[in-house]
>>> print(open('final-v7.cif').read())   # mmCIF, C-alpha atoms and all ligand atoms
data_start
#
loop_
_atom_site.label_atom_id
_atom_site.label_comp_id
_atom_site.auth_asym_id
_atom_site.auth_seq_id
_atom_site.Cartn_x
_atom_site.Cartn_y
_atom_site.Cartn_z
CA MET A 4 -161.73 7.54 -11.16
CA PHE A 5 -159.83 10.53 -9.82
CA ASN A 6 -162.28 10.90 -6.93
CA HIS A 7 -160.34 8.10 -5.26
CA LEU A 8 -157.22 10.23 -5.11
CA ASP A 9 -156.22 12.43 -2.20
CA LEU A 10 -154.85 15.82 -3.07
CA LEU A 11 -151.10 15.78 -2.48
CA PRO A 12 -149.25 18.62 -0.78
CA ALA A 13 -147.25 20.88 -3.09
CA ASP A 14 -143.59 20.08 -3.73
CA PRO A 15 -141.53 21.62 -0.90
CA ILE A 16 -139.25 23.49 -3.32
CA LEU A 17 -141.25 24.06 -6.52
CA GLY A 18 -144.50 24.68 -4.59
CA LEU A 19 -142.98 27.60 -2.71
CA SER A 20 -142.38 29.49 -5.95
CA GLN A 21 -146.11 29.24 -6.70
CA VAL A 22 -146.86 30.78 -3.32
CA PHE A 23 -144.21 33.44 -3.98
CA ALA A 24 -145.79 34.31 -7.35
CA LYS A 25 -149.09 35.10 -5.62
CA ASP A 26 -147.51 37.12 -2.79
CA LYS A 27 -148.53 40.79 -3.06
CA CYS A 28 -145.57 42.09 -0.98
CA SER A 29 -143.80 44.75 -3.08
CA ASP A 30 -140.36 43.94 -1.61
CA LYS A 31 -140.68 40.18 -2.02
CA VAL A 32 -137.53 38.16 -2.79
CA ASN A 33 -137.47 34.53 -3.91
CA LEU A 34 -134.45 32.76 -2.43
CA SER A 35 -136.08 29.33 -2.46
CA VAL A 36 -135.79 27.42 -5.74
CA GLY A 37 -132.28 26.82 -7.06
CA VAL A 38 -132.31 29.02 -10.11
CA TYR A 39 -129.56 31.52 -10.94
CA GLN A 40 -130.51 35.18 -11.20
CA ASP A 41 -128.41 38.04 -12.48
CA ASP A 42 -127.92 41.38 -10.75
CA ARG A 43 -131.29 42.59 -12.00
CA GLY A 44 -133.06 39.53 -10.66
CA ASN A 45 -133.51 37.90 -14.09
CA THR A 46 -132.72 34.36 -15.12
CA PRO A 47 -131.50 35.19 -18.62
CA VAL A 48 -130.98 32.95 -21.62
CA LEU A 49 -127.17 32.87 -21.86
CA ASP A 50 -125.82 34.78 -24.88
CA ILE A 51 -123.93 31.67 -25.91
CA VAL A 52 -127.10 29.61 -25.76
CA ARG A 53 -128.93 32.09 -28.03
CA HIS A 54 -126.02 32.04 -30.43
CA ALA A 55 -125.62 28.25 -30.56
CA GLN A 56 -129.39 27.86 -30.85
CA GLU A 57 -129.43 30.09 -33.94
CA ILE A 58 -126.70 28.04 -35.58
CA MET A 59 -128.44 24.81 -34.67
CA LEU A 60 -131.84 25.87 -35.97
CA ASP A 61 -130.25 27.20 -39.14
CA GLU A 62 -128.56 23.90 -39.84
CA GLN A 63 -131.46 21.70 -38.74
CA THR A 64 -133.17 19.97 -41.64
CA SER A 65 -135.33 17.45 -39.81
CA LYS A 66 -137.23 16.81 -36.61
CA ALA A 67 -136.91 13.04 -37.01
CA TYR A 68 -135.84 11.05 -33.94
CA ILE A 69 -132.23 11.21 -32.90
CA ALA A 70 -130.28 8.14 -31.75
CA GLN A 71 -131.94 6.52 -28.75
CA ALA A 72 -128.97 7.28 -26.48
CA GLY A 73 -129.02 10.93 -27.53
CA ASP A 74 -127.21 13.44 -29.72
CA PRO A 75 -123.68 12.10 -30.40
CA GLY A 76 -122.03 15.53 -30.07
CA PHE A 77 -123.75 16.08 -26.74
CA LEU A 78 -122.77 12.63 -25.47
CA SER A 79 -119.07 12.90 -26.30
CA GLY A 80 -118.98 16.53 -25.14
CA MET A 81 -120.57 15.68 -21.82
CA SER A 82 -118.36 12.71 -21.07
CA GLU A 83 -115.28 14.88 -21.73
CA LEU A 84 -116.71 17.79 -19.70
CA VAL A 85 -117.43 15.57 -16.71
CA LEU A 86 -114.53 13.12 -16.82
CA GLY A 87 -111.83 15.26 -18.44
CA PRO A 88 -108.86 13.37 -19.92
CA ILE A 89 -110.00 10.10 -18.32
CA ALA A 90 -112.92 10.01 -20.77
CA ALA A 91 -110.63 9.29 -23.72
CA LYS A 92 -108.84 6.47 -21.87
CA LEU A 93 -112.10 4.83 -20.85
CA THR A 94 -113.59 5.29 -24.33
CA VAL A 95 -110.69 3.40 -25.96
CA ASN A 96 -111.55 0.41 -23.76
CA ASN A 97 -115.32 0.86 -24.17
CA ARG A 98 -115.62 1.25 -20.42
CA VAL A 99 -117.73 4.38 -20.45
CA ALA A 100 -121.29 4.83 -21.72
CA THR A 101 -123.20 8.11 -21.72
CA VAL A 102 -126.94 8.42 -22.23
CA GLN A 103 -128.86 11.70 -22.63
CA THR A 104 -131.64 12.23 -20.11
CA PRO A 105 -134.44 14.69 -19.40
CA GLY A 106 -132.50 16.81 -16.90
CA GLY A 107 -130.37 15.62 -14.01
CA CYS A 108 -133.50 14.18 -12.38
CA GLY A 109 -134.00 11.89 -15.38
CA ALA A 110 -130.42 10.70 -14.96
CA VAL A 111 -130.78 10.05 -11.22
CA ARG A 112 -134.04 8.17 -11.73
CA ILE A 113 -133.06 6.01 -14.71
CA ALA A 114 -129.61 5.25 -13.31
CA SER A 115 -131.31 4.19 -10.05
CA GLU A 116 -133.51 1.84 -12.07
CA VAL A 117 -130.43 0.31 -13.66
CA ILE A 118 -128.73 -0.09 -10.27
CA ASN A 119 -131.90 -1.70 -8.93
CA LYS A 120 -131.79 -4.17 -11.84
CA CYS A 121 -128.29 -5.21 -10.71
CA LYS A 122 -129.33 -5.62 -7.10
CA PRO A 123 -133.09 -5.38 -6.49
CA GLY A 124 -133.84 -3.46 -3.32
CA GLY A 125 -130.11 -2.82 -2.83
CA LYS A 126 -128.99 -0.26 -0.33
CA ILE A 127 -128.19 3.31 -1.32
CA TRP A 128 -126.62 5.69 1.21
CA ILE A 129 -127.66 9.32 0.98
CA SER A 130 -126.28 12.28 2.90
CA THR A 131 -128.12 13.84 5.84
CA PRO A 132 -129.28 16.24 4.65
CA THR A 133 -129.60 15.93 0.91
CA TRP A 134 -131.65 17.50 -1.87
CA ALA A 135 -135.35 16.96 -1.14
CA ASN A 136 -135.90 15.09 -4.39
CA HIS A 137 -133.14 12.51 -3.99
CA GLN A 138 -135.11 10.21 -1.75
CA PRO A 139 -138.20 10.14 -4.03
CA LEU A 140 -136.04 9.63 -7.13
CA VAL A 141 -133.93 6.75 -5.90
CA GLY A 142 -136.63 5.30 -3.66
CA SER A 143 -139.15 5.08 -6.51
CA ALA A 144 -136.72 2.89 -8.39
CA GLY A 145 -136.92 0.35 -5.55
CA LEU A 146 -133.61 0.99 -3.82
CA THR A 147 -133.48 0.86 -0.03
CA ILE A 148 -132.41 4.13 1.49
CA ALA A 149 -129.93 4.50 4.34
CA GLU A 150 -128.38 7.74 5.54
CA TYR A 151 -124.87 8.86 6.37
CA PRO A 152 -124.19 11.95 8.51
CA TYR A 153 -122.93 14.84 6.42
CA TYR A 154 -123.50 18.31 7.81
CA ASP A 155 -122.96 19.48 11.35
CA ARG A 156 -125.44 22.31 11.92
CA ASN A 157 -123.51 23.48 14.98
CA THR A 158 -120.09 23.91 13.45
CA LYS A 159 -121.46 24.46 9.89
CA THR A 160 -118.89 22.00 8.58
CA ILE A 161 -118.91 18.45 7.26
CA PHE A 162 -119.19 15.54 9.68
CA PHE A 163 -116.37 13.88 7.79
CA ASP A 164 -115.19 11.40 10.42
CA GLU A 165 -118.76 10.37 11.18
CA MET A 166 -119.53 10.04 7.47
CA MET A 167 -116.49 7.82 6.93
CA ALA A 168 -117.28 5.74 10.01
CA THR A 169 -120.86 5.15 8.84
CA LEU A 170 -119.86 4.34 5.28
CA GLY A 171 -117.14 2.10 6.69
CA GLN A 172 -119.98 -0.09 8.02
CA ALA A 173 -121.73 -0.31 4.63
CA SER A 174 -121.87 -3.72 2.98
CA ARG A 175 -119.94 -4.61 -0.15
CA GLY A 176 -121.97 -3.65 -3.21
CA ASP A 177 -123.86 -0.84 -1.47
CA VAL A 178 -124.26 2.40 -3.39
CA VAL A 179 -123.22 5.82 -2.07
CA LEU A 180 -125.01 8.86 -3.46
CA LEU A 181 -122.66 11.85 -3.43
CA HIS A 182 -122.80 15.47 -4.55
CA ALA A 183 -119.86 16.27 -6.81
CA CYS A 184 -119.78 19.93 -5.75
CA CYS A 185 -122.02 22.73 -4.45
CA HIS A 186 -123.75 20.36 -2.05
CA ASN A 187 -127.50 20.89 -2.13
CA PRO A 188 -128.74 22.08 0.39
CA THR A 189 -125.68 22.90 2.54
CA GLY A 190 -123.03 24.31 0.18
CA ALA A 191 -120.46 22.37 2.24
CA ASP A 192 -118.18 20.47 -0.13
CA LEU A 193 -115.61 17.75 0.44
CA ASN A 194 -112.05 18.97 -0.07
CA THR A 195 -109.59 17.09 -2.27
CA ALA A 196 -108.04 15.16 0.64
CA GLN A 197 -111.51 14.07 1.76
CA TRP A 198 -112.37 12.92 -1.77
CA ASP A 199 -109.12 10.93 -1.82
CA SER A 200 -109.98 9.18 1.46
CA LEU A 201 -113.52 8.50 0.30
CA ALA A 202 -112.30 7.02 -2.98
CA GLU A 203 -109.95 4.77 -1.00
CA LEU A 204 -112.81 3.62 1.22
CA CYS A 205 -115.12 2.92 -1.74
CA LYS A 206 -112.37 0.94 -3.43
CA ALA A 207 -111.39 -1.05 -0.35
CA ASN A 208 -115.00 -1.85 0.62
CA ASP A 209 -116.36 -2.32 -2.89
CA LEU A 210 -118.93 0.50 -2.65
CA LEU A 211 -120.39 1.98 -5.84
CA PRO A 212 -120.25 5.80 -5.92
CA PHE A 213 -123.23 7.38 -7.66
CA ILE A 214 -122.41 11.04 -8.08
CA ASP A 215 -124.96 13.76 -8.72
CA PHE A 216 -123.19 16.49 -10.68
CA ALA A 217 -125.78 19.24 -11.00
CA TYR A 218 -123.57 22.31 -10.56
CA GLN A 219 -120.34 21.84 -12.50
CA GLY A 220 -118.73 25.25 -12.83
CA PHE A 221 -120.85 26.93 -10.17
CA GLY A 222 -118.41 26.27 -7.32
CA GLN A 223 -114.68 26.78 -7.88
CA GLY A 224 -114.39 26.11 -11.62
CA LEU A 225 -115.20 23.49 -14.26
CA GLN A 226 -112.09 21.42 -13.54
CA GLU A 227 -111.95 22.01 -9.78
CA ASP A 228 -115.59 21.01 -9.33
CA ALA A 229 -114.92 17.73 -11.15
CA TYR A 230 -112.11 16.64 -8.80
CA GLY A 231 -114.13 14.08 -6.86
CA VAL A 232 -115.79 12.57 -9.94
CA ARG A 233 -112.48 12.21 -11.73
CA LYS A 234 -110.74 10.82 -8.67
CA MET A 235 -113.41 8.13 -8.39
CA ALA A 236 -113.24 7.43 -12.14
CA GLU A 237 -109.49 6.99 -11.90
CA GLU A 238 -109.43 4.86 -8.78
CA LEU A 239 -112.47 2.64 -9.16
CA ASP A 240 -113.63 0.09 -11.68
CA GLU A 241 -117.24 1.22 -11.57
CA LEU A 242 -118.93 4.60 -11.24
CA VAL A 243 -122.25 6.23 -12.06
CA VAL A 244 -122.61 9.97 -12.65
CA ALA A 245 -125.80 11.98 -13.17
CA ALA A 246 -124.97 15.33 -14.80
CA SER A 247 -127.24 18.29 -15.37
CA CYS A 248 -127.01 21.25 -17.75
CA SER A 249 -129.82 23.19 -16.05
CA LYS A 250 -127.58 25.52 -14.11
CA ASN A 251 -124.28 25.77 -15.95
CA PHE A 252 -125.98 26.31 -19.34
CA GLY A 253 -129.07 27.98 -17.86
CA LEU A 254 -131.20 25.42 -19.73
CA TYR A 255 -133.57 24.63 -16.86
CA ARG A 256 -136.82 24.27 -18.79
CA GLU A 257 -135.22 22.39 -21.67
CA ARG A 258 -134.45 19.43 -19.36
CA VAL A 259 -130.91 18.52 -20.36
CA GLY A 260 -128.94 15.89 -18.50
CA ALA A 261 -126.76 12.83 -18.94
CA MET A 262 -126.05 9.62 -17.08
CA ILE A 263 -122.59 8.21 -17.34
CA PHE A 264 -121.79 4.59 -16.52
CA ILE A 265 -118.25 3.36 -16.06
CA GLY A 266 -118.03 -0.42 -15.98
CA ASN A 267 -115.12 -2.73 -15.23
CA THR A 268 -115.37 -4.38 -18.67
CA SER A 269 -116.71 -3.31 -22.04
CA ASN A 270 -119.44 -5.97 -21.82
CA ALA A 271 -120.60 -4.79 -18.40
CA THR A 272 -120.65 -1.18 -19.60
CA ALA A 273 -122.63 -2.08 -22.71
CA ALA A 274 -125.09 -4.05 -20.56
CA ALA A 275 -125.60 -1.08 -18.21
CA LYS A 276 -126.25 1.16 -21.20
CA SER A 277 -128.71 -1.32 -22.72
CA HIS A 278 -130.69 -1.36 -19.48
CA ALA A 279 -130.66 2.42 -19.30
CA LEU A 280 -132.04 2.60 -22.84
CA SER A 281 -134.67 0.00 -22.06
CA GLU A 282 -135.76 1.88 -18.91
CA ALA A 283 -135.98 5.09 -20.90
CA ARG A 284 -137.93 3.38 -23.68
CA ARG A 285 -140.60 2.13 -21.32
CA SER A 286 -140.88 5.53 -19.71
CA TYR A 287 -140.34 8.40 -22.18
CA THR A 288 -138.57 6.61 -25.09
CA MET A 289 -135.77 9.14 -25.43
CA ALA A 290 -134.71 12.50 -24.01
CA PRO A 291 -135.72 15.71 -25.82
CA TYR A 292 -133.20 17.02 -28.36
CA HIS A 293 -133.44 20.81 -28.31
CA GLY A 294 -131.39 21.73 -25.23
CA ALA A 295 -128.95 18.87 -25.64
CA GLY A 296 -128.39 19.88 -29.25
CA ILE A 297 -127.43 23.38 -28.09
CA VAL A 298 -125.00 21.96 -25.53
CA GLY A 299 -123.55 19.67 -28.19
CA TYR A 300 -122.85 22.65 -30.47
CA ILE A 301 -121.21 24.61 -27.64
CA LEU A 302 -119.03 21.81 -26.35
CA ASN A 303 -117.77 20.81 -29.80
CA ASP A 304 -116.67 24.21 -31.03
CA ALA A 305 -113.59 25.80 -29.42
CA LYS A 306 -114.85 29.38 -29.78
CA LEU A 307 -118.37 28.66 -28.55
CA ARG A 308 -116.96 26.69 -25.66
CA ALA A 309 -114.58 29.49 -24.67
CA ASP A 310 -117.46 31.99 -24.74
CA TRP A 311 -119.59 29.67 -22.62
CA GLU A 312 -116.79 29.29 -20.07
CA THR A 313 -116.57 33.09 -19.83
CA GLU A 314 -120.30 33.44 -19.19
CA LEU A 315 -120.20 30.61 -16.70
CA ALA A 316 -117.27 32.27 -14.89
CA ASP A 317 -119.34 35.46 -14.66
CA MET A 318 -122.22 33.59 -13.00
CA ARG A 319 -119.82 31.85 -10.63
CA GLY A 320 -118.07 35.11 -9.81
CA ARG A 321 -121.36 36.79 -9.04
CA ILE A 322 -122.43 34.02 -6.67
CA ASN A 323 -119.09 33.93 -4.87
CA GLY A 324 -119.02 37.73 -4.62
CA MET A 325 -122.55 37.73 -3.26
CA ARG A 326 -121.58 35.17 -0.63
CA LYS A 327 -118.93 37.59 0.67
CA ARG A 328 -121.29 40.55 0.66
CA LEU A 329 -123.97 38.53 2.41
CA PHE A 330 -121.84 37.28 5.30
CA ASN A 331 -120.04 40.60 5.73
CA GLY A 332 -123.36 42.41 5.76
CA LEU A 333 -124.91 39.97 8.23
CA ASN A 334 -121.91 40.07 10.53
CA GLN A 335 -122.03 43.86 10.59
CA ALA A 336 -125.77 44.05 11.08
CA GLN A 337 -126.06 41.69 14.07
CA SER A 338 -123.89 40.04 16.65
CA SER A 339 -125.65 36.85 17.74
CA THR A 340 -124.41 34.61 14.89
CA ASP A 341 -121.14 34.52 12.97
CA PHE A 342 -122.20 34.07 9.34
CA SER A 343 -118.63 33.77 7.98
CA PHE A 344 -119.30 30.10 7.15
CA ILE A 345 -121.30 31.32 4.11
CA GLY A 346 -117.98 32.44 2.62
CA SER A 347 -116.39 29.02 2.85
CA GLN A 348 -119.27 27.19 1.17
CA TRP A 349 -119.84 26.81 -2.55
CA GLY A 350 -122.57 27.06 -5.13
CA MET A 351 -126.02 28.51 -4.75
CA PHE A 352 -127.02 27.14 -1.37
CA SER A 353 -126.27 27.51 2.33
CA PHE A 354 -128.27 26.90 5.45
CA LEU A 355 -128.73 30.15 7.35
CA GLY A 356 -129.14 28.09 10.52
CA ILE A 357 -132.29 29.88 11.66
CA ASN A 358 -135.33 27.99 12.93
CA VAL A 359 -138.69 27.42 11.22
CA GLU A 360 -140.40 30.28 13.11
CA GLN A 361 -137.70 32.64 11.91
CA VAL A 362 -138.00 31.30 8.35
CA LEU A 363 -141.77 31.88 8.46
CA GLU A 364 -141.28 35.35 9.89
CA LEU A 365 -139.01 36.21 6.94
CA ARG A 366 -141.65 34.87 4.55
CA ASN A 367 -144.85 36.16 6.12
CA LYS A 368 -143.66 39.52 7.40
CA TYR A 369 -141.06 40.53 4.83
CA GLY A 370 -141.81 38.46 1.69
CA ILE A 371 -138.37 36.79 1.77
CA TYR A 372 -138.79 33.17 0.72
CA ILE A 373 -136.28 30.52 1.79
CA LEU A 374 -136.89 26.82 2.45
CA GLU A 375 -138.05 25.68 5.89
CA SER A 376 -134.68 24.00 6.42
CA SER A 377 -133.28 27.59 6.23
CA ARG A 378 -131.71 26.83 2.82
CA ILE A 379 -131.09 30.08 1.01
CA ASN A 380 -130.33 30.51 -2.69
CA VAL A 381 -127.48 33.01 -2.69
CA ALA A 382 -127.86 33.41 -6.46
CA GLY A 383 -131.24 35.05 -5.89
CA ILE A 384 -129.62 37.97 -4.06
CA SER A 385 -128.84 41.00 -6.19
CA ASP A 386 -127.68 44.61 -5.88
CA SER A 387 -131.27 45.69 -5.67
CA ASN A 388 -132.29 43.43 -2.79
CA ILE A 389 -129.14 42.72 -0.76
CA ASP A 390 -129.61 45.55 1.72
CA TYR A 391 -133.19 44.51 2.39
CA VAL A 392 -132.28 40.81 2.66
CA VAL A 393 -129.40 41.50 5.06
CA GLU A 394 -131.47 43.84 7.20
CA LYS A 395 -134.37 41.42 7.57
CA ILE A 396 -132.30 38.27 8.11
CA ALA A 397 -130.25 40.11 10.74
CA GLN A 398 -133.47 41.27 12.38
CA VAL A 399 -134.97 37.79 12.67
CA ALA A 400 -131.65 36.13 13.55
CA ASN A 401 -130.81 38.54 16.36
C1 LIG O 501 -133.41 23.14 -6.10
O1 LIG O 501 -132.87 22.37 -5.30
O2 LIG O 501 -133.99 24.17 -5.75
C2 LIG O 501 -133.29 22.86 -7.59
O3 LIG O 501 -132.53 21.74 -7.79
C3 LIG O 501 -134.62 22.82 -8.24
C4 LIG O 501 -135.41 21.58 -7.91
O4 LIG O 501 -135.83 20.91 -8.85
O5 LIG O 501 -135.61 21.27 -6.75
#
>>> encode(input="final-v7.cif", output="structure tokens", more="lines below")
Ligand code: LMR
Amino acid sequence: MFNHLDLLPADPILGLSQVFAKDKCSDKVNLSVGVYQDDRGNTPVLDIVRHAQEIMLDEQTSKAYIAQAGDPGFLSGMSELVLGPIAAKLTVNNRVATVQTPGGCGAVRIASEVINKCKPGGKIWISTPTWANHQPLVGSAGLTIAEYPYYDRNTKTIFFDEMMATLGQASRGDVVLLHACCHNPTGADLNTAQWDSLAELCKANDLLPFIDFAYQGFGQGLQEDAYGVRKMAEELDELVVAASCSKNFGLYRERVGAMIFIGNTSNATAAAKSHALSEARRSYTMAPYHGAGIVGYILNDAKLRADWETELADMRGRINGMRKRLFNGLNQAQSSTDFSFIGSQWGMFSFLGINVEQVLELRNKYGIYILESSRINVAGISDSNIDYVVEKIAQVAN
């Protein structure tokens, strides 16, 4: 049977880490996959996660199934975390439904299936560029993909006018996939005025925003990063959000995510949720409990939540501090490119703006792994490797 299959190429992001693992270079640095590392190059289990996990396991008396939509504490905690005070207002009117998913990917995929049920083969607009897995996730659900310009590689800023002009041509009922914050792969985020204009456009032209919220708290702060999502939730009758707890809780391998549907009536919202549950049932039945349970404990206890916010702020501070050190170092070490743009971007990623040959030189000669697009994971830079990373990038960029 399997002889009929062709061997597929490795995943462009995850596959590179496999190559990195086998690299014998003693100075090697992995700046490819989007995983946070501390100053010693480790991706630690957060203290708060260890603590909440102990409490959870201590209190756990059964491994029986949880509710099909997920752990109730996780679901209410996540809708409040993502939507803020608007969550309570929408909950009173039964206009918001949250369903636990296996990671943010699970949320993007299942929510795409639900959208495709509403409008089979409907159009979804994705940013150019976007995260490499967006197209496979939404495309596999049957949606038709169109692209809007997003990042200007020359100026290293957002093509906002071009983006608005393109989306202005979209048809009523089209879906717009957006990154809430820490745009992956560019790190270039919409500012509040741009979110306001976009919300106005979506409302006027009846476009459905579908917001991928994978990095809440990794950019400017938990509340600041949610500005666009909350603006859309306030202004529009309908919204879909795919949230992930991989990064902000460091729960990558536990696969913790949520999809949030806001509908214009309670019946429409309930129907969207029922389709999400049915899609999940015919795929994996329900999301795993362990990681979501931990998040539920943290979000529903004031002390645990405060401790989590402190640890999250430390991670964010380290990334933002490393951005400064990186661009200052690069600007001092070479003169052909001004890397200051790295300091005005957010989250783990930025494009260095170097070409594929230069990317391969970094990888093959110096063991520094970044994606071919020149996407770098700033969170992989630490005290122990920053001098080496700066020196080698400056060398190939010059
Ligand atoms: C990334 O973009 O590197 C992360 O989101 C990990 C992944 O699954 O691609």
>>> closest_residue(input="final-v7.cif", among="A:Lys27, A:His7, A:Lys306, A:Arg43", to="Gly383 in chain A", atoms="only C-alpha atoms")
A:Arg43
>>> residues_near_ligand(input="final-v7.cif", ligand="ligand LIG 501 (chain O)", cutoff="6 Å", atoms="all atoms listed in the file", output="list in words")
Ile16, Val36 and Gly37 of chain A
>>> write_last_selection(input="final-v7.cif", atoms="C-alpha atoms", output="mmCIF file, in the coordinates of the input")
data_model
loop_
_atom_site.group_PDB
_atom_site.id
_atom_site.type_symbol
_atom_site.label_atom_id
_atom_site.label_comp_id
_atom_site.auth_asym_id
_atom_site.auth_seq_id
_atom_site.Cartn_x
_atom_site.Cartn_y
_atom_site.Cartn_z
ATOM 1 C CA ILE A 16 -139.250 23.490 -3.320
ATOM 2 C CA VAL A 36 -135.790 27.420 -5.740
ATOM 3 C CA GLY A 37 -132.280 26.820 -7.060
#
>>> residues_around(input="final-v7.cif", residues="range 158-166 of chain A", least_positions_apart="5", cutoff="7 Å", atoms="only C-alpha atoms", output="list in words")
Tyr151, Pro152, Tyr153, Ala191 and Phe344 of chain A
>>> atom_distance(input="final-v7.cif", atom1="CA of Phe23 in chain A", atom2="CA of Leu374 in chain A")
11.8 Å
>>> residues_near_point(input="final-v7.cif", point="(-126.7, 8.0, -26.1)", cutoff="7 Å", atoms="all atoms listed in the file", output="list in words")
Ala70, Gln71, Ala72, Gly73, Asp74, Pro75, Leu78, Thr101, Val102 and Gln103 of chain A
>>> atom_distance(input="final-v7.cif", atom1="CA of Phe77 in chain A", atom2="CA of Ala110 in chain A")
14.6 Å
>>> atom_distance(input="final-v7.cif", atom1="CA of Ser79 in chain A", atom2="CA of His182 in chain A")
22.2 Å
>>> closest_residue(input="final-v7.cif", among="A:Thr313, A:Ser130, A:Gln335, A:Thr104", to="Val244 in chain A", atoms="only C-alpha atoms")
A:Thr104
>>> closest_residue(input="final-v7.cif", among="A:Ser277, A:Ser247, A:Ser29, A:Asn45", to="Ile384 in chain A", atoms="only C-alpha atoms")
A:Asn45
>>> closest_residue(input="final-v7.cif", among="A:Met81, A:Ala196, A:Val22, A:Ile51", to="Gly253 in chain A", atoms="all atoms listed in the file")
A:Ile51
>>> residues_around(input="final-v7.cif", residues="Tyr287 in chain A", least_positions_apart="5", cutoff="12 Å", atoms="only C-alpha atoms", output="PyMOL selection string")
chain A and resi 71+103-105+109+113+279-282
>>> closest_residue(input="final-v7.cif", among="A:Phe342, A:Arg321, A:Glu394, A:Tyr372", to="Asp42 in chain A", atoms="all atoms listed in the file")
A:Arg321
>>> closest_residue(input="final-v7.cif", among="A:Leu34, A:Leu211, A:Met262, A:Leu140", to="Leu355 in chain A", atoms="all atoms listed in the file")
A:Leu34
>>> residues_around(input="final-v7.cif", residues="range 198-206 of chain A", least_positions_apart="3", cutoff="8 Å", atoms="all atoms listed in the file", output="ChimeraX atom specification")
/A:167,171,193-195,209-212,230-231,234-235,238-239
>>> residues_around(input="final-v7.cif", residues="Ser343 in chain A", least_positions_apart="5", cutoff="10 Å", atoms="all atoms listed in the file", output="PyMOL selection string")
chain A and resi 159+326-327+329-331+333-334+348
>>> residues_near_point(input="final-v7.cif", point="(-131.0, 9.6, -4.0)", cutoff="10 Å", atoms="all atoms listed in the file", output="VMD selection string")
chain A and resid 108 111 to 112 115 127 to 130 133 to 144 146 to 149 178 to 181 213 to 215
>>> write_last_selection(input="final-v7.cif", atoms="C-alpha atoms", output="tab-separated table (two decimals), in the frame of the given file")
chain	number	residue	atom	x	y	z
A	108	CYS	CA	-133.50	14.18	-12.38
A	111	VAL	CA	-130.78	10.05	-11.22
A	112	ARG	CA	-134.04	8.17	-11.73
A	115	SER	CA	-131.31	4.19	-10.05
A	127	ILE	CA	-128.19	3.31	-1.32
A	128	TRP	CA	-126.62	5.69	1.21
A	129	ILE	CA	-127.66	9.32	0.98
A	130	SER	CA	-126.28	12.28	2.90
A	133	THR	CA	-129.60	15.93	0.91
A	134	TRP	CA	-131.65	17.50	-1.87
A	135	ALA	CA	-135.35	16.96	-1.14
A	136	ASN	CA	-135.90	15.09	-4.39
A	137	HIS	CA	-133.14	12.51	-3.99
A	138	GLN	CA	-135.11	10.21	-1.75
A	139	PRO	CA	-138.20	10.14	-4.03
A	140	LEU	CA	-136.04	9.63	-7.13
A	141	VAL	CA	-133.93	6.75	-5.90
A	142	GLY	CA	-136.63	5.30	-3.66
A	143	SER	CA	-139.15	5.08	-6.51
A	144	ALA	CA	-136.72	2.89	-8.39
A	146	LEU	CA	-133.61	0.99	-3.82
A	147	THR	CA	-133.48	0.86	-0.03
A	148	ILE	CA	-132.41	4.13	1.49
A	149	ALA	CA	-129.93	4.50	4.34
A	178	VAL	CA	-124.26	2.40	-3.39
A	179	VAL	CA	-123.22	5.82	-2.07
A	180	LEU	CA	-125.01	8.86	-3.46
A	181	LEU	CA	-122.66	11.85	-3.43
A	213	PHE	CA	-123.23	7.38	-7.66
A	214	ILE	CA	-122.41	11.04	-8.08
A	215	ASP	CA	-124.96	13.76	-8.72
>>> residues_around(input="final-v7.cif", residues="Ser339 in chain A", least_positions_apart="5", cutoff="10 Å", atoms="all atoms listed in the file", output="tab-separated table (two decimals) with C-alpha atoms, in the coordinates of the input")
chain	number	residue	atom	x	y	z
A	334	ASN	CA	-121.91	40.07	10.53
A	397	ALA	CA	-130.25	40.11	10.74
A	400	ALA	CA	-131.65	36.13	13.55
A	401	ASN	CA	-130.81	38.54	16.36
